[in-house]
Amino acid sequence: MKLIFLGPPGAGKGTLAVKVVELLNIQQISTGAIFRSAVSAGSPLGLKVKAIMDSGKLVDDETTIELVKERLAQDDVQKGYILDGFPRTIPQAEALAKFSTVEKVINFDIPDSLVLQRLGGRRVCRKCGYNFHVIFNKPAEEGVCDHCGGEIYIRDDDRQEAIQKRLEVYRAQTAPLVNYYREKKLLLDIDASPLVDEVLVIFKKALGV
Ligand code: AMP
């Protein structure tokens, strides 16, 4: 199954994706995670995108589209994928339509107040990218990832100023994709307010899986 997870930062797209990957045996492709690994590795791509990401703005369409196009050409995603954080602009969606056929776009419906609460308490594993939360999803041992033993840290773009900017960017550049995909009859709205296990139940019911 070829899916897009669409919604504001902090809606729980990445957290649900980890569960759905297991359920449907498909790959998660998170453009944010790919950019973060490039930053950690200090690669040319990482050097190019670090300041943009830290400020909460979007990486340019050309760079992002090229990255996803290459990833979607690989063998392991031919059976299915979840695009988590892509597309984020109309030009990205138009480009994607030329190199892959998406079956459903899951729209994570969530109020801003909850987004702010989630992003403010989010912690991420530096090694495997798993998301934790200081209240809702604590690791067993403070600062250590339950899944891979990696170090847990606060993303630079989860600071207050960057969070505000990312929400503004979402509203201006990404939210128009909701209507774009609704008109194409691909959109499926899900209530993303509950904790992840409940959202998974809602997702399974909505998709019939
Ligand atoms: P995320 O982990 O999805 O919140 O992404 C973190 C950051 O990576 C974003 O704030 C952007 O700076 C960048 N990014 C991720 N995906 C995209 C995309 N599709 N287009 C442009 N920039 C992106």
# chains A, B, ... in the order shown; residues from 1 in each chain; ligands from 1
$ closest_atom_pairs --of "chain A" --to "ligand 1" --cutoff "6 Å" --atoms "only C-alpha atoms and all ligand atoms" --output "JSON lines"
{"residue": "A:Pro9", "atom": "CA", "partner": "ligand 1", "partner_atom_place_in_ligand_line": "4 (O)", "distance": 5.3}
{"residue": "A:Thr31", "atom": "CA", "partner": "ligand 1", "partner_atom_place_in_ligand_line": "16 (N)", "distance": 4.4}
{"residue": "A:Gly32", "atom": "CA", "partner": "ligand 1", "partner_atom_place_in_ligand_line": "5 (O)", "distance": 3.5}
{"residue": "A:Ala33", "atom": "CA", "partner": "ligand 1", "partner_atom_place_in_ligand_line": "2 (O)", "distance": 5.7}
{"residue": "A:Ile52", "atom": "CA", "partner": "ligand 1", "partner_atom_place_in_ligand_line": "12 (O)", "distance": 5.7}
{"residue": "A:Met53", "atom": "CA", "partner": "ligand 1", "partner_atom_place_in_ligand_line": "12 (O)", "distance": 3.6}
{"residue": "A:Gly56", "atom": "CA", "partner": "ligand 1", "partner_atom_place_in_ligand_line": "10 (O)", "distance": 4.8}
{"residue": "A:Lys57", "atom": "CA", "partner": "ligand 1", "partner_atom_place_in_ligand_line": "12 (O)", "distance": 4.9}
{"residue": "A:Leu58", "atom": "CA", "partner": "ligand 1", "partner_atom_place_in_ligand_line": "22 (N)", "distance": 3.7}
{"residue": "A:Val59", "atom": "CA", "partner": "ligand 1", "partner_atom_place_in_ligand_line": "22 (N)", "distance": 3.8}
{"residue": "A:Asp60", "atom": "CA", "partner": "ligand 1", "partner_atom_place_in_ligand_line": "21 (C)", "distance": 5.9}
{"residue": "A:Thr64", "atom": "CA", "partner": "ligand 1", "partner_atom_place_in_ligand_line": "20 (N)", "distance": 5.6}
{"residue": "A:Gly85", "atom": "CA", "partner": "ligand 1", "partner_atom_place_in_ligand_line": "3 (O)", "distance": 4.3}
{"residue": "A:Phe86", "atom": "CA", "partner": "ligand 1", "partner_atom_place_in_ligand_line": "19 (N)", "distance": 3.9}
{"residue": "A:Pro87", "atom": "CA", "partner": "ligand 1", "partner_atom_place_in_ligand_line": "19 (N)", "distance": 4.8}
{"residue": "A:Arg88", "atom": "CA", "partner": "ligand 1", "partner_atom_place_in_ligand_line": "19 (N)", "distance": 4.6}
$ write_last_selection --atoms "C-alpha atoms" --output "PDB file, in the first residue's frame"
ATOM      1  CA  PRO A   9       4.413  18.802  12.907  1.00  0.00           C
ATOM      2  CA  THR A  31      12.235  13.232   4.629  1.00  0.00           C
ATOM      3  CA  GLY A  32      12.871  14.961   7.974  1.00  0.00           C
ATOM      4  CA  ALA A  33      14.719  11.867   9.269  1.00  0.00           C
ATOM      5  CA  ILE A  52      17.065  25.911   7.164  1.00  0.00           C
ATOM      6  CA  MET A  53      15.806  23.092   9.384  1.00  0.00           C
ATOM      7  CA  GLY A  56      11.748  25.827  10.994  1.00  0.00           C
ATOM      8  CA  LYS A  57      11.601  26.646   7.273  1.00  0.00           C
ATOM      9  CA  LEU A  58      11.338  24.158   4.419  1.00  0.00           C
ATOM     10  CA  VAL A  59      14.219  22.786   2.395  1.00  0.00           C
ATOM     11  CA  ASP A  60      13.851  23.792  -1.276  1.00  0.00           C
ATOM     12  CA  THR A  64      13.613  17.426  -1.558  1.00  0.00           C
ATOM     13  CA  GLY A  85       6.557  14.575   5.888  1.00  0.00           C
ATOM     14  CA  PHE A  86       6.464  14.581   2.074  1.00  0.00           C
ATOM     15  CA  PRO A  87       4.954  16.228   0.086  1.00  0.00           C
ATOM     16  CA  ARG A  88       4.831  19.528   1.966  1.00  0.00           C
TER      17      ARG A  88
END
$ select_by_dssp --residues "chain A" --states "alpha helix (DSSP H)" --output "PyMOL selection string"
chain A and resi 13-24+31-41+44-55+61-72+90-99+112-120+160-169+176-183+196-207
$ residues_around --residues "range 21-23 of chain A" --least-positions-apart "4" --cutoff "9 Å" --atoms "only C-alpha atoms" --output "list of chain:residue names"
A:Leu16, A:Ala17, A:Gln27, A:Gln28, A:Tyr81, A:Ile82, A:Val209
$ write_last_selection --atoms "N, CA, C and O atoms" --output "compact mmCIF listing (two decimals), in the first residue's frame"
# COMPACT_ATOMS: atom_id res chain seq x y z
N LEU A 16 2.90 7.03 14.50
CA LEU A 16 1.95 6.06 13.94
C LEU A 16 2.63 5.26 12.82
O LEU A 16 2.41 4.05 12.69
N ALA A 17 3.47 5.93 12.04
CA ALA A 17 4.13 5.25 10.92
C ALA A 17 4.91 4.04 11.40
O ALA A 17 4.87 2.97 10.76
N GLN A 27 7.61 0.24 3.95
CA GLN A 27 8.70 1.10 4.42
C GLN A 27 8.20 2.49 4.82
O GLN A 27 7.32 3.03 4.15
N GLN A 28 8.81 3.05 5.85
CA GLN A 28 8.54 4.45 6.21
C GLN A 28 9.62 5.32 5.57
O GLN A 28 10.80 5.03 5.72
N TYR A 81 4.78 1.97 0.78
CA TYR A 81 5.54 2.91 1.61
C TYR A 81 4.59 3.86 2.33
O TYR A 81 3.42 3.99 1.95
N ILE A 82 5.15 4.49 3.36
CA ILE A 82 4.47 5.63 3.99
C ILE A 82 5.37 6.82 3.79
O ILE A 82 6.53 6.82 4.25
N VAL A 209 -7.98 -2.29 7.28
CA VAL A 209 -6.84 -3.24 7.32
C VAL A 209 -6.72 -3.90 8.69
O VAL A 209 -7.29 -3.42 9.65
$ closest_residue --among "A:Val20, A:Leu188, A:Ala95, A:Ile154" --to "Arg122 in chain A" --atoms "only C-alpha atoms"
A:Ile154
$ residues_around --residues "range 99-111 of chain A" --least-positions-apart "4" --cutoff "6 Å" --atoms "only C-alpha atoms" --output "PyMOL selection string"
chain A and resi 2-7+186-193
$ atom_distance --atom1 "CA of Gln173 in chain A" --atom2 "CA of Glu94 in chain A"
13.7 Å
$ closest_residue --among "A:Thr89, A:Ser55, A:Ser30, A:Asn131" --to "Tyr153 in chain A" --atoms "only C-alpha atoms"
A:Asn131
$ select_by_dssp --residues "chain A" --states "strand (DSSP E or B)" --output "ChimeraX atom specification"
/A:2-6,27-30,81-84,104-109,122-125,131-133,137,141,144,151-153,187-191
$ residues_around --residues "Arg155 in chain A" --least-positions-apart "5" --cutoff "9 Å" --atoms "only C-alpha atoms" --output "VMD selection string"
chain A and resid 54 122 to 124
$ closest_residue --among "A:Ala11, A:Ala73, A:Val68, A:Leu83" --to "Ile26 in chain A" --atoms "only C-alpha atoms"
A:Leu83
$ residues_around --residues "Ile152 in chain A" --least-positions-apart "4" --cutoff "9 Å" --atoms "only C-alpha atoms" --output "VMD selection string"
chain A and resid 123 to 127 129 to 132 139 142 to 145
